[in-house]
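Enquirer: Enclosed is the structure file my_file.csv (CSV, N, CA, C and O atoms).
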```csv
chain,number,residue,atom,x,y,z
A,1003,MET,N,119.9,89.1,120.4
A,1003,MET,CA,118.8,88.5,121.2
A,1003,MET,C,119.4,87.9,122.4
A,1003,MET,O,120.3,87.0,122.3
A,1004,ARG,N,119.0,88.3,123.6
A,1004,ARG,CA,119.5,87.8,124.9
A,1004,ARG,C,118.8,86.5,125.2
A,1004,ARG,O,117.6,86.3,125.0
A,1005,THR,N,119.5,85.6,125.9
A,1005,THR,CA,119.0,84.4,126.4
A,1005,THR,C,119.1,84.3,127.9
A,1005,THR,O,120.2,84.6,128.4
A,1006,VAL,N,118.0,83.9,128.6
A,1006,VAL,CA,118.1,83.7,130.0
A,1006,VAL,C,117.4,82.4,130.3
A,1006,VAL,O,116.6,81.9,129.6
A,1007,SER,N,117.7,81.9,131.5
A,1007,SER,CA,117.1,80.6,131.9
A,1007,SER,C,115.8,80.9,132.6
A,1007,SER,O,115.5,82.0,133.0
A,1008,LYS,N,115.0,79.9,132.7
A,1008,LYS,CA,113.7,80.0,133.3
A,1008,LYS,C,113.9,80.4,134.8
A,1008,LYS,O,113.2,81.3,135.3
A,1009,ARG,N,114.9,79.9,135.4
A,1009,ARG,CA,115.2,80.2,136.8
A,1009,ARG,C,115.6,81.7,136.9
A,1009,ARG,O,115.2,82.3,137.9
A,1010,GLU,N,116.5,82.1,136.0
A,1010,GLU,CA,116.9,83.6,136.1
A,1010,GLU,C,115.7,84.5,135.9
A,1010,GLU,O,115.6,85.5,136.6
A,1011,LEU,N,114.8,84.1,135.0
A,1011,LEU,CA,113.6,84.9,134.8
A,1011,LEU,C,112.7,84.9,136.1
A,1011,LEU,O,112.2,86.0,136.5
A,1012,ASN,N,112.7,83.8,136.8
A,1012,ASN,CA,111.9,83.7,138.0
A,1012,ASN,C,112.5,84.6,139.1
A,1012,ASN,O,111.8,85.2,139.9
A,1013,GLN,N,113.8,84.5,139.2
A,1013,GLN,CA,114.5,85.2,140.3
A,1013,GLN,C,114.8,86.7,140.0
A,1013,GLN,O,114.9,87.5,140.9
A,1014,GLN,N,114.9,87.1,138.7
A,1014,GLN,CA,115.2,88.5,138.4
A,1014,GLN,C,114.3,89.0,137.3
A,1014,GLN,O,114.7,89.5,136.3
A,1015,THR,N,113.0,88.9,137.5
A,1015,THR,CA,112.0,89.2,136.5
A,1015,THR,C,112.1,90.6,136.0
A,1015,THR,O,112.1,90.9,134.8
A,1016,ALA,N,112.2,91.6,136.9
A,1016,ALA,CA,112.2,93.0,136.5
A,1016,ALA,C,113.5,93.3,135.7
A,1016,ALA,O,113.4,94.0,134.7
A,1017,ALA,N,114.6,92.7,136.1
A,1017,ALA,CA,115.9,93.0,135.4
A,1017,ALA,C,115.8,92.4,134.0
A,1017,ALA,O,116.3,93.0,133.0
A,1018,VAL,N,115.2,91.2,133.8
A,1018,VAL,CA,115.1,90.6,132.5
A,1018,VAL,C,114.1,91.4,131.6
A,1018,VAL,O,114.4,91.6,130.5
A,1019,LEU,N,113.0,91.8,132.2
A,1019,LEU,CA,112.0,92.6,131.4
A,1019,LEU,C,112.6,94.0,131.0
A,1019,LEU,O,112.2,94.5,129.9
A,1020,ASP,N,113.5,94.5,131.8
A,1020,ASP,CA,114.2,95.8,131.4
A,1020,ASP,C,115.0,95.6,130.1
A,1020,ASP,O,115.3,96.6,129.4
A,1021,GLN,N,115.5,94.4,129.9
A,1021,GLN,CA,116.3,94.1,128.7
A,1021,GLN,C,115.5,94.0,127.4
A,1021,GLN,O,116.1,94.0,126.3
A,1022,VAL,N,114.2,93.9,127.5
A,1022,VAL,CA,113.4,93.8,126.3
A,1022,VAL,C,113.2,95.2,125.7
A,1022,VAL,O,112.8,96.1,126.5
A,1023,SER,N,113.4,95.3,124.4
A,1023,SER,CA,113.1,96.6,123.8
A,1023,SER,C,112.4,96.3,122.5
A,1023,SER,O,112.0,95.2,122.1
A,1024,ASP,N,112.1,97.4,121.7
A,1024,ASP,CA,111.3,97.3,120.5
A,1024,ASP,C,112.1,96.5,119.5
A,1024,ASP,O,111.4,95.8,118.6
A,1025,THR,N,113.4,96.5,119.5
A,1025,THR,CA,114.2,95.7,118.5
A,1025,THR,C,114.9,94.5,119.1
A,1025,THR,O,115.6,93.9,118.3
A,1026,ASP,N,114.7,94.2,120.4
A,1026,ASP,CA,115.5,93.1,120.9
A,1026,ASP,C,114.6,92.3,121.9
A,1026,ASP,O,114.0,92.8,122.8
A,1027,ASP,N,114.5,91.0,121.6
A,1027,ASP,CA,113.7,90.1,122.4
A,1027,ASP,C,114.6,89.4,123.4
A,1027,ASP,O,115.8,89.4,123.3
A,1028,VAL,N,114.0,88.7,124.3
A,1028,VAL,CA,114.7,87.9,125.3
A,1028,VAL,C,114.1,86.5,125.1
A,1028,VAL,O,112.9,86.3,125.2
A,1029,VAL,N,115.0,85.5,124.9
A,1029,VAL,CA,114.5,84.1,124.8
A,1029,VAL,C,114.8,83.4,126.2
A,1029,VAL,O,115.8,83.5,126.8
A,1030,VAL,N,113.7,82.7,126.6
A,1030,VAL,CA,113.8,82.0,127.9
A,1030,VAL,C,114.0,80.5,127.6
A,1030,VAL,O,113.3,79.9,126.8
A,1031,THR,N,115.0,80.0,128.3
A,1031,THR,CA,115.3,78.6,128.0
A,1031,THR,C,114.9,77.7,129.2
A,1031,THR,O,114.8,78.2,130.4
A,1032,GLU,N,114.6,76.5,128.9
A,1032,GLU,CA,114.3,75.5,130.0
A,1032,GLU,C,115.2,74.3,129.7
A,1032,GLU,O,115.1,73.7,128.7
A,1033,ARG,N,116.0,74.0,130.7
A,1033,ARG,CA,117.0,72.9,130.5
A,1033,ARG,C,117.9,73.1,129.3
A,1033,ARG,O,118.2,72.1,128.6
A,1034,GLY,N,118.2,74.3,129.0
A,1034,GLY,CA,119.1,74.6,127.9
A,1034,GLY,C,118.5,74.7,126.6
A,1034,GLY,O,119.2,75.1,125.6
A,1035,LYS,N,117.2,74.5,126.5
A,1035,LYS,CA,116.5,74.6,125.2
A,1035,LYS,C,115.6,75.8,125.1
A,1035,LYS,O,114.9,76.0,126.1
A,1036,PRO,N,115.6,76.6,124.1
A,1036,PRO,CA,114.7,77.7,123.9
A,1036,PRO,C,113.3,77.3,124.0
A,1036,PRO,O,112.9,76.4,123.3
A,1037,ARG,N,112.5,77.9,124.9
A,1037,ARG,CA,111.1,77.6,125.0
A,1037,ARG,C,110.1,78.7,124.8
A,1037,ARG,O,109.0,78.6,124.2
A,1038,TRP,N,110.5,79.9,125.2
A,1038,TRP,CA,109.6,81.1,125.1
A,1038,TRP,C,110.4,82.3,124.6
A,1038,TRP,O,111.6,82.4,124.8
A,1039,ARG,N,109.7,83.3,124.0
A,1039,ARG,CA,110.3,84.5,123.6
A,1039,ARG,C,109.5,85.7,124.2
A,1039,ARG,O,108.3,85.7,124.1
A,1040,ILE,N,110.2,86.6,124.9
A,1040,ILE,CA,109.5,87.8,125.4
A,1040,ILE,C,109.8,88.9,124.5
A,1040,ILE,O,111.0,89.2,124.2
A,1041,SER,N,108.8,89.6,124.0
A,1041,SER,CA,109.0,90.7,123.1
A,1041,SER,C,108.1,91.9,123.6
A,1041,SER,O,107.1,91.7,124.3
A,1042,ALA,N,108.5,93.1,123.2
A,1042,ALA,CA,107.8,94.3,123.6
A,1042,ALA,C,106.5,94.4,122.8
A,1042,ALA,O,106.4,94.0,121.6
A,1043,VAL,N,105.4,94.9,123.4
A,1043,VAL,CA,104.2,95.1,122.7
A,1043,VAL,C,104.2,96.6,122.4
A,1043,VAL,O,104.4,97.4,123.2
A,1044,THR,N,103.9,96.8,121.1
A,1044,THR,CA,103.9,98.2,120.6
A,1044,THR,C,102.5,98.5,120.1
A,1044,THR,O,101.9,97.7,119.4
A,1045,VAL,N,101.9,99.7,120.5
A,1045,VAL,CA,100.6,100.0,120.0
A,1045,VAL,C,100.6,100.3,118.5
A,1045,VAL,O,99.8,99.8,117.8
A,1046,HIS,N,101.6,101.0,118.0
A,1046,HIS,CA,101.7,101.3,116.6
A,1046,HIS,C,102.9,100.5,116.1
A,1046,HIS,O,103.9,101.1,115.7
A,1047,GLY,N,102.9,99.2,116.2
A,1047,GLY,CA,104.0,98.4,115.8
A,1047,GLY,C,104.5,98.6,114.4
A,1047,GLY,O,103.8,98.5,113.5
A,1048,SER,N,105.8,99.0,114.4
A,1048,SER,CA,106.4,99.2,113.1
A,1048,SER,C,106.8,97.8,112.5
A,1048,SER,O,107.4,97.0,113.2
A,1049,THR,N,106.4,97.6,111.3
A,1049,THR,CA,106.7,96.3,110.6
A,1049,THR,C,108.2,96.1,110.5
A,1049,THR,O,108.8,95.1,110.8
A,1050,LEU,N,109.0,97.2,110.2
A,1050,LEU,CA,110.4,97.1,110.2
A,1050,LEU,C,111.0,96.8,111.5
A,1050,LEU,O,112.0,96.0,111.6
A,1051,ALA,N,110.5,97.4,112.6
A,1051,ALA,CA,111.0,97.1,113.9
A,1051,ALA,C,110.8,95.6,114.2
A,1051,ALA,O,111.7,94.9,114.8
A,1052,ARG,N,109.6,95.1,113.9
A,1052,ARG,CA,109.4,93.6,114.1
A,1052,ARG,C,110.3,92.8,113.3
A,1052,ARG,O,110.9,91.8,113.8
A,1053,LEU,N,110.5,93.1,112.0
A,1053,LEU,CA,111.4,92.3,111.2
A,1053,LEU,C,112.8,92.4,111.7
A,1053,LEU,O,113.6,91.4,111.6
A,1054,GLU,N,113.3,93.6,112.2
A,1054,GLU,CA,114.6,93.7,112.7
A,1054,GLU,C,114.8,92.8,114.0
A,1054,GLU,O,115.8,92.2,114.1
A,1055,ARG,N,113.7,92.8,114.8
A,1055,ARG,CA,113.8,92.0,116.0
A,1055,ARG,C,113.9,90.6,115.7
A,1055,ARG,O,114.5,89.8,116.4
A,1056,GLU,N,113.2,90.1,114.6
A,1056,GLU,CA,113.2,88.7,114.2
A,1056,GLU,C,114.4,88.4,113.5
A,1056,GLU,O,114.6,87.2,113.1
A,1057,GLY,N,115.3,89.3,113.2
A,1057,GLY,CA,116.5,89.1,112.4
A,1057,GLY,C,116.3,88.9,110.9
A,1057,GLY,O,117.2,88.4,110.2
A,1058,ARG,N,115.2,89.4,110.4
A,1058,ARG,CA,114.9,89.2,109.0
A,1058,ARG,C,115.1,90.5,108.2
A,1058,ARG,O,114.9,90.6,107.0
A,1059,TYR,N,115.6,91.6,108.9
A,1059,TYR,CA,115.8,92.9,108.3
A,1059,TYR,C,117.0,93.6,109.0
A,1059,TYR,O,117.1,93.5,110.2
A,1060,THR,N,117.9,94.1,108.2
A,1060,THR,CA,119.0,94.9,108.8
A,1060,THR,C,118.9,96.3,108.2
A,1060,THR,O,119.0,96.4,107.0
A,1061,PRO,N,118.8,97.3,109.0
A,1061,PRO,CA,118.8,98.7,108.5
A,1061,PRO,C,120.1,99.0,107.8
A,1061,PRO,O,121.1,98.5,108.1
A,1062,ALA,N,120.0,100.0,106.8
A,1062,ALA,CA,121.1,100.4,106.1
A,1062,ALA,C,122.1,101.1,107.0
A,1062,ALA,O,121.7,101.8,108.0
A,1063,SER,N,123.4,101.0,106.7
A,1063,SER,CA,124.4,101.7,107.5
A,1063,SER,C,124.3,103.2,107.3
A,1063,SER,O,124.0,103.7,106.2
A,1064,SER,N,124.6,103.9,108.4
A,1064,SER,CA,124.5,105.4,108.3
A,1064,SER,C,125.8,105.9,107.6
A,1064,SER,O,125.8,107.0,107.1
A,1065,ASP,N,126.8,105.1,107.5
A,1065,ASP,CA,128.1,105.5,106.8
A,1065,ASP,C,128.5,104.3,105.9
A,1065,ASP,O,129.4,103.6,106.2
A,1066,PRO,N,127.8,104.2,104.7
A,1066,PRO,CA,128.1,103.1,103.8
A,1066,PRO,C,129.5,103.3,103.2
A,1066,PRO,O,130.0,104.4,103.0
A,1067,ALA,N,130.0,102.2,102.8
A,1067,ALA,CA,131.3,102.2,102.1
A,1067,ALA,C,131.1,102.8,100.7
A,1067,ALA,O,130.1,102.6,100.1
A,1068,PRO,N,132.1,103.5,100.2
A,1068,PRO,CA,131.9,104.1,98.9
A,1068,PRO,C,132.0,103.1,97.8
A,1068,PRO,O,132.7,102.0,97.9
A,1069,TRP,N,131.4,103.3,96.7
A,1069,TRP,CA,131.4,102.5,95.5
A,1069,TRP,C,132.9,102.5,94.9
A,1069,TRP,O,133.5,103.6,94.9
A,1070,PRO,N,133.4,101.4,94.5
A,1070,PRO,CA,134.7,101.4,93.9
A,1070,PRO,C,134.7,102.1,92.6
A,1070,PRO,O,133.7,102.1,91.8
A,1071,ASP,N,135.8,102.8,92.2
A,1071,ASP,CA,135.9,103.5,90.9
A,1071,ASP,C,135.9,102.4,89.8
A,1071,ASP,O,135.3,102.6,88.7
A,1072,ARG,N,136.6,101.3,90.0
A,1072,ARG,CA,136.7,100.3,89.0
A,1072,ARG,C,136.5,98.9,89.8
A,1072,ARG,O,137.3,98.6,90.6
A,1073,PRO,N,135.5,98.2,89.4
A,1073,PRO,CA,135.3,96.9,90.1
A,1073,PRO,C,136.5,96.0,89.9
A,1073,PRO,O,137.1,96.0,88.8
A,1074,GLY,N,136.8,95.2,90.9
A,1074,GLY,CA,137.9,94.3,90.8
A,1074,GLY,C,137.5,93.0,90.0
A,1074,GLY,O,136.4,92.9,89.5
A,1075,GLY,N,138.5,92.2,89.8
A,1075,GLY,CA,138.2,90.9,89.1
A,1075,GLY,C,138.7,91.0,87.7
A,1075,GLY,O,139.3,92.0,87.2
A,1076,ARG,N,138.5,89.9,87.0
A,1076,ARG,CA,139.1,89.7,85.7
A,1076,ARG,C,138.3,90.5,84.6
A,1076,ARG,O,137.1,90.7,84.8
A,1077,THR,N,138.9,91.0,83.6
A,1077,THR,CA,138.3,91.7,82.5
A,1077,THR,C,138.3,90.7,81.3
A,1077,THR,O,139.3,90.1,81.0
A,1078,TYR,N,137.1,90.6,80.7
A,1078,TYR,CA,136.9,89.7,79.6
A,1078,TYR,C,136.9,90.4,78.3
A,1078,TYR,O,136.3,91.5,78.2
A,1079,THR,N,137.4,89.8,77.2
A,1079,THR,CA,137.3,90.4,75.9
A,1079,THR,C,135.9,90.1,75.3
A,1079,THR,O,135.2,89.2,75.9
A,1080,ASP,N,135.5,90.8,74.3
A,1080,ASP,CA,134.2,90.5,73.7
A,1080,ASP,C,134.1,89.1,73.2
A,1080,ASP,O,133.0,88.4,73.3
A,1081,ALA,N,135.1,88.6,72.6
A,1081,ALA,CA,135.1,87.2,72.1
A,1081,ALA,C,135.0,86.2,73.3
A,1081,ALA,O,134.3,85.2,73.2
A,1082,GLU,N,135.6,86.5,74.4
A,1082,GLU,CA,135.5,85.6,75.6
A,1082,GLU,C,134.1,85.6,76.1
A,1082,GLU,O,133.6,84.6,76.5
A,1083,VAL,N,133.5,86.8,76.1
A,1083,VAL,CA,132.1,86.9,76.6
A,1083,VAL,C,131.2,86.1,75.7
A,1083,VAL,O,130.3,85.3,76.2
A,1084,GLU,N,131.3,86.2,74.4
A,1084,GLU,CA,130.5,85.5,73.5
A,1084,GLU,C,130.7,84.0,73.7
A,1084,GLU,O,129.7,83.2,73.6
A,1085,ASP,N,131.9,83.5,73.8
A,1085,ASP,CA,132.2,82.1,74.1
A,1085,ASP,C,131.5,81.6,75.3
A,1085,ASP,O,130.9,80.5,75.4
A,1086,LEU,N,131.6,82.4,76.4
A,1086,LEU,CA,131.0,82.0,77.7
A,1086,LEU,C,129.5,81.9,77.5
A,1086,LEU,O,128.8,81.0,78.0
A,1087,LEU,N,128.9,82.9,76.8
A,1087,LEU,CA,127.4,82.9,76.6
A,1087,LEU,C,127.0,81.7,75.8
A,1087,LEU,O,126.0,81.1,76.1
A,1088,ASP,N,127.8,81.4,74.7
A,1088,ASP,CA,127.4,80.3,73.9
A,1088,ASP,C,127.5,79.0,74.7
A,1088,ASP,O,126.6,78.1,74.6
A,1089,GLU,N,128.5,78.9,75.6
A,1089,GLU,CA,128.6,77.7,76.4
A,1089,GLU,C,127.5,77.6,77.4
A,1089,GLU,O,126.9,76.5,77.6
A,1090,MET,N,127.0,78.7,78.0
A,1090,MET,CA,125.9,78.7,78.9
A,1090,MET,C,124.6,78.3,78.2
A,1090,MET,O,123.8,77.6,78.8
A,1091,ARG,N,124.4,78.7,77.0
A,1091,ARG,CA,123.2,78.5,76.2
A,1091,ARG,C,123.2,77.0,75.7
A,1091,ARG,O,122.2,76.5,75.2
A,1092,GLY,N,124.4,76.4,75.6
A,1092,GLY,CA,124.5,75.1,75.0
A,1092,GLY,C,124.7,75.2,73.5
A,1092,GLY,O,124.4,74.2,72.8
A,1093,ASP,N,125.2,76.3,73.0
A,1093,ASP,CA,125.3,76.5,71.6
A,1093,ASP,C,126.7,76.1,71.1
A,1093,ASP,O,127.1,76.4,70.0
A,1094,HIS,N,127.5,75.5,71.9
A,1094,HIS,CA,128.9,75.2,71.5
A,1094,HIS,C,129.0,73.9,70.8
A,1094,HIS,O,128.3,73.0,70.7
```
Take the structure in this file and express it as structure tokens.
Expert:
Amino acid sequence: MRTVSKRELNQQTAAVLDQVSDTDDVVVTERGKPRWRISAVTVHGSTLARLEREGRYTPASSDPAPWPDRPGGRTYTDAEVEDLLDEMRGDH
């Protein structure tokens, strides 16, 4: 999300509006504090596009990392698992 000052918006309105897209808003500040948000108006607004613009959704990677063959970390014996579960339940 790009941030511009009120003065910059006043002096370069067209350039600032060109920076607004379906997935990216522009925040306008006044005296260094965010005051307004400029966002694109869409006729058939996609909910996902809006959530992405608001930072509440991140689309999946087109090239995800592969799953590991064997997860890392400590391996527990059956007895250790039972002891941990008993301790969590308060049965110790």
Enquirer: Apply DSSP to the structure's backbone, then extract all residues of chain A labelled alpha helix (DSSP H) and return them as a ChimeraX atom specification.
Expert: /A:1008-1013,1015-1020,1049-1055,1080-1091
Enquirer: Can you work out the spacing between atom CA of Arg1039 of chain A and atom CA of Asp1027 of chain A in Å, to one decimal?
Expert: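 Computed distance, atom CA of Arg1039 of chain A to atom CA of Asp1027 of chain A, equals 6.7 Å.
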Enquirer: Could you jot down the atom N of Glu1056 of chain A to atom CA of Thr1025 of chain A separation for me, Å, one decimal place?
Expert: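 That distance, rounded to one decimal, is 6.9 Å.
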Enquirer: Dump as a PDB file with N, CA, C and O atoms, in the frame of the given file all residues having an atom at most 12 Å from (110.3, 96.4, 113.4), computed in the file's coordinates with only C-alpha atoms.
Expert:
```pdb
ATOM      1  N   SER A1023     113.400  95.300 124.400  1.00  0.00           N
ATOM      2  CA  SER A1023     113.100  96.600 123.800  1.00  0.00           C
ATOM      3  C   SER A1023     112.400  96.300 122.500  1.00  0.00           C
ATOM      4  O   SER A1023     112.000  95.200 122.100  1.00  0.00           O
ATOM      5  N   ASP A1024     112.100  97.400 121.700  1.00  0.00           N
ATOM      6  CA  ASP A1024     111.300  97.300 120.500  1.00  0.00           C
ATOM      7  C   ASP A1024     112.100  96.500 119.500  1.00  0.00           C
ATOM      8  O   ASP A1024     111.400  95.800 118.600  1.00  0.00           O
ATOM      9  N   THR A1025     113.400  96.500 119.500  1.00  0.00           N
ATOM     10  CA  THR A1025     114.200  95.700 118.500  1.00  0.00           C
ATOM     11  C   THR A1025     114.900  94.500 119.100  1.00  0.00           C
ATOM     12  O   THR A1025     115.600  93.900 118.300  1.00  0.00           O
ATOM     13  N   ASP A1026     114.700  94.200 120.400  1.00  0.00           N
ATOM     14  CA  ASP A1026     115.500  93.100 120.900  1.00  0.00           C
ATOM     15  C   ASP A1026     114.600  92.300 121.900  1.00  0.00           C
ATOM     16  O   ASP A1026     114.000  92.800 122.800  1.00  0.00           O
ATOM     17  N   ASP A1027     114.500  91.000 121.600  1.00  0.00           N
ATOM     18  CA  ASP A1027     113.700  90.100 122.400  1.00  0.00           C
ATOM     19  C   ASP A1027     114.600  89.400 123.400  1.00  0.00           C
ATOM     20  O   ASP A1027     115.800  89.400 123.300  1.00  0.00           O
ATOM     21  N   SER A1041     108.800  89.600 124.000  1.00  0.00           N
ATOM     22  CA  SER A1041     109.000  90.700 123.100  1.00  0.00           C
ATOM     23  C   SER A1041     108.100  91.900 123.600  1.00  0.00           C
ATOM     24  O   SER A1041     107.100  91.700 124.300  1.00  0.00           O
ATOM     25  N   ALA A1042     108.500  93.100 123.200  1.00  0.00           N
ATOM     26  CA  ALA A1042     107.800  94.300 123.600  1.00  0.00           C
ATOM     27  C   ALA A1042     106.500  94.400 122.800  1.00  0.00           C
ATOM     28  O   ALA A1042     106.400  94.000 121.600  1.00  0.00           O
ATOM     29  N   VAL A1043     105.400  94.900 123.400  1.00  0.00           N
ATOM     30  CA  VAL A1043     104.200  95.100 122.700  1.00  0.00           C
ATOM     31  C   VAL A1043     104.200  96.600 122.400  1.00  0.00           C
ATOM     32  O   VAL A1043     104.400  97.400 123.200  1.00  0.00           O
ATOM     33  N   THR A1044     103.900  96.800 121.100  1.00  0.00           N
ATOM     34  CA  THR A1044     103.900  98.200 120.600  1.00  0.00           C
ATOM     35  C   THR A1044     102.500  98.500 120.100  1.00  0.00           C
ATOM     36  O   THR A1044     101.900  97.700 119.400  1.00  0.00           O
ATOM     37  N   HIS A1046     101.600 101.000 118.000  1.00  0.00           N
ATOM     38  CA  HIS A1046     101.700 101.300 116.600  1.00  0.00           C
ATOM     39  C   HIS A1046     102.900 100.500 116.100  1.00  0.00           C
ATOM     40  O   HIS A1046     103.900 101.100 115.700  1.00  0.00           O
ATOM     41  N   GLY A1047     102.900  99.200 116.200  1.00  0.00           N
ATOM     42  CA  GLY A1047     104.000  98.400 115.800  1.00  0.00           C
ATOM     43  C   GLY A1047     104.500  98.600 114.400  1.00  0.00           C
ATOM     44  O   GLY A1047     103.800  98.500 113.500  1.00  0.00           O
ATOM     45  N   SER A1048     105.800  99.000 114.400  1.00  0.00           N
ATOM     46  CA  SER A1048     106.400  99.200 113.100  1.00  0.00           C
ATOM     47  C   SER A1048     106.800  97.800 112.500  1.00  0.00           C
ATOM     48  O   SER A1048     107.400  97.000 113.200  1.00  0.00           O
ATOM     49  N   THR A1049     106.400  97.600 111.300  1.00  0.00           N
ATOM     50  CA  THR A1049     106.700  96.300 110.600  1.00  0.00           C
ATOM     51  C   THR A1049     108.200  96.100 110.500  1.00  0.00           C
ATOM     52  O   THR A1049     108.800  95.100 110.800  1.00  0.00           O
ATOM     53  N   LEU A1050     109.000  97.200 110.200  1.00  0.00           N
ATOM     54  CA  LEU A1050     110.400  97.100 110.200  1.00  0.00           C
ATOM     55  C   LEU A1050     111.000  96.800 111.500  1.00  0.00           C
ATOM     56  O   LEU A1050     112.000  96.000 111.600  1.00  0.00           O
ATOM     57  N   ALA A1051     110.500  97.400 112.600  1.00  0.00           N
ATOM     58  CA  ALA A1051     111.000  97.100 113.900  1.00  0.00           C
ATOM     59  C   ALA A1051     110.800  95.600 114.200  1.00  0.00           C
ATOM     60  O   ALA A1051     111.700  94.900 114.800  1.00  0.00           O
ATOM     61  N   ARG A1052     109.600  95.100 113.900  1.00  0.00           N
ATOM     62  CA  ARG A1052     109.400  93.600 114.100  1.00  0.00           C
ATOM     63  C   ARG A1052     110.300  92.800 113.300  1.00  0.00           C
ATOM     64  O   ARG A1052     110.900  91.800 113.800  1.00  0.00           O
ATOM     65  N   LEU A1053     110.500  93.100 112.000  1.00  0.00           N
ATOM     66  CA  LEU A1053     111.400  92.300 111.200  1.00  0.00           C
ATOM     67  C   LEU A1053     112.800  92.400 111.700  1.00  0.00           C
ATOM     68  O   LEU A1053     113.600  91.400 111.600  1.00  0.00           O
ATOM     69  N   GLU A1054     113.300  93.600 112.200  1.00  0.00           N
ATOM     70  CA  GLU A1054     114.600  93.700 112.700  1.00  0.00           C
ATOM     71  C   GLU A1054     114.800  92.800 114.000  1.00  0.00           C
ATOM     72  O   GLU A1054     115.800  92.200 114.100  1.00  0.00           O
ATOM     73  N   ARG A1055     113.700  92.800 114.800  1.00  0.00           N
ATOM     74  CA  ARG A1055     113.800  92.000 116.000  1.00  0.00           C
ATOM     75  C   ARG A1055     113.900  90.600 115.700  1.00  0.00           C
ATOM     76  O   ARG A1055     114.500  89.800 116.400  1.00  0.00           O
ATOM     77  N   GLU A1056     113.200  90.100 114.600  1.00  0.00           N
ATOM     78  CA  GLU A1056     113.200  88.700 114.200  1.00  0.00           C
ATOM     79  C   GLU A1056     114.400  88.400 113.500  1.00  0.00           C
ATOM     80  O   GLU A1056     114.600  87.200 113.100  1.00  0.00           O
ATOM     81  N   GLY A1057     115.300  89.300 113.200  1.00  0.00           N
ATOM     82  CA  GLY A1057     116.500  89.100 112.400  1.00  0.00           C
ATOM     83  C   GLY A1057     116.300  88.900 110.900  1.00  0.00           C
ATOM     84  O   GLY A1057     117.200  88.400 110.200  1.00  0.00           O
ATOM     85  N   ARG A1058     115.200  89.400 110.400  1.00  0.00           N
ATOM     86  CA  ARG A1058     114.900  89.200 109.000  1.00  0.00           C
ATOM     87  C   ARG A1058     115.100  90.500 108.200  1.00  0.00           C
ATOM     88  O   ARG A1058     114.900  90.600 107.000  1.00  0.00           O
ATOM     89  N   TYR A1059     115.600  91.600 108.900  1.00  0.00           N
ATOM     90  CA  TYR A1059     115.800  92.900 108.300  1.00  0.00           C
ATOM     91  C   TYR A1059     117.000  93.600 109.000  1.00  0.00           C
ATOM     92  O   TYR A1059     117.100  93.500 110.200  1.00  0.00           O
ATOM     93  N   THR A1060     117.900  94.100 108.200  1.00  0.00           N
ATOM     94  CA  THR A1060     119.000  94.900 108.800  1.00  0.00           C
ATOM     95  C   THR A1060     118.900  96.300 108.200  1.00  0.00           C
ATOM     96  O   THR A1060     119.000  96.400 107.000  1.00  0.00           O
ATOM     97  N   PRO A1061     118.800  97.300 109.000  1.00  0.00           N
ATOM     98  CA  PRO A1061     118.800  98.700 108.500  1.00  0.00           C
ATOM     99  C   PRO A1061     120.100  99.000 107.800  1.00  0.00           C
ATOM    100  O   PRO A1061     121.100  98.500 108.100  1.00  0.00           O
TER     101      PRO A1061
END
```
Enquirer: What is the atom CA of Pro1068 of chain A to atom CA of Asp1080 of chain A distance in Å?
Expert: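 Spanning atom CA of Pro1068 of chain A to atom CA of Asp1080 of chain A is a straight-line distance of 28.7 Å.
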Enquirer: Compile the contact shell of Val1028 of chain A as a ChimeraX atom specification: residues with an atom at most 7 Å away, counting all atoms listed in the file, same-chain residues fewer than 3 positions apart removed.
Expert: /A:1003-1006,1018,1021-1023,1038-1041
Enquirer: Apply DSSP to the structure's backbone, then extract all residues of segment 1014-1047 of chain A labelled strand (DSSP E) and return them as an MDAnalysis selection string.
Expert: chainID A and resid 1028:1032 1035:1040
Enquirer: Hey, what's within 8 Å of Arg1009 of chain A if we count all atoms listed in the file and toss same-chain stuff fewer than 6 positions away? As a list in words, please?
Expert: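 Here the qualifying residues turn out to be Thr1015, Val1030, Thr1031, Glu1032 and Arg1033 of chain A.
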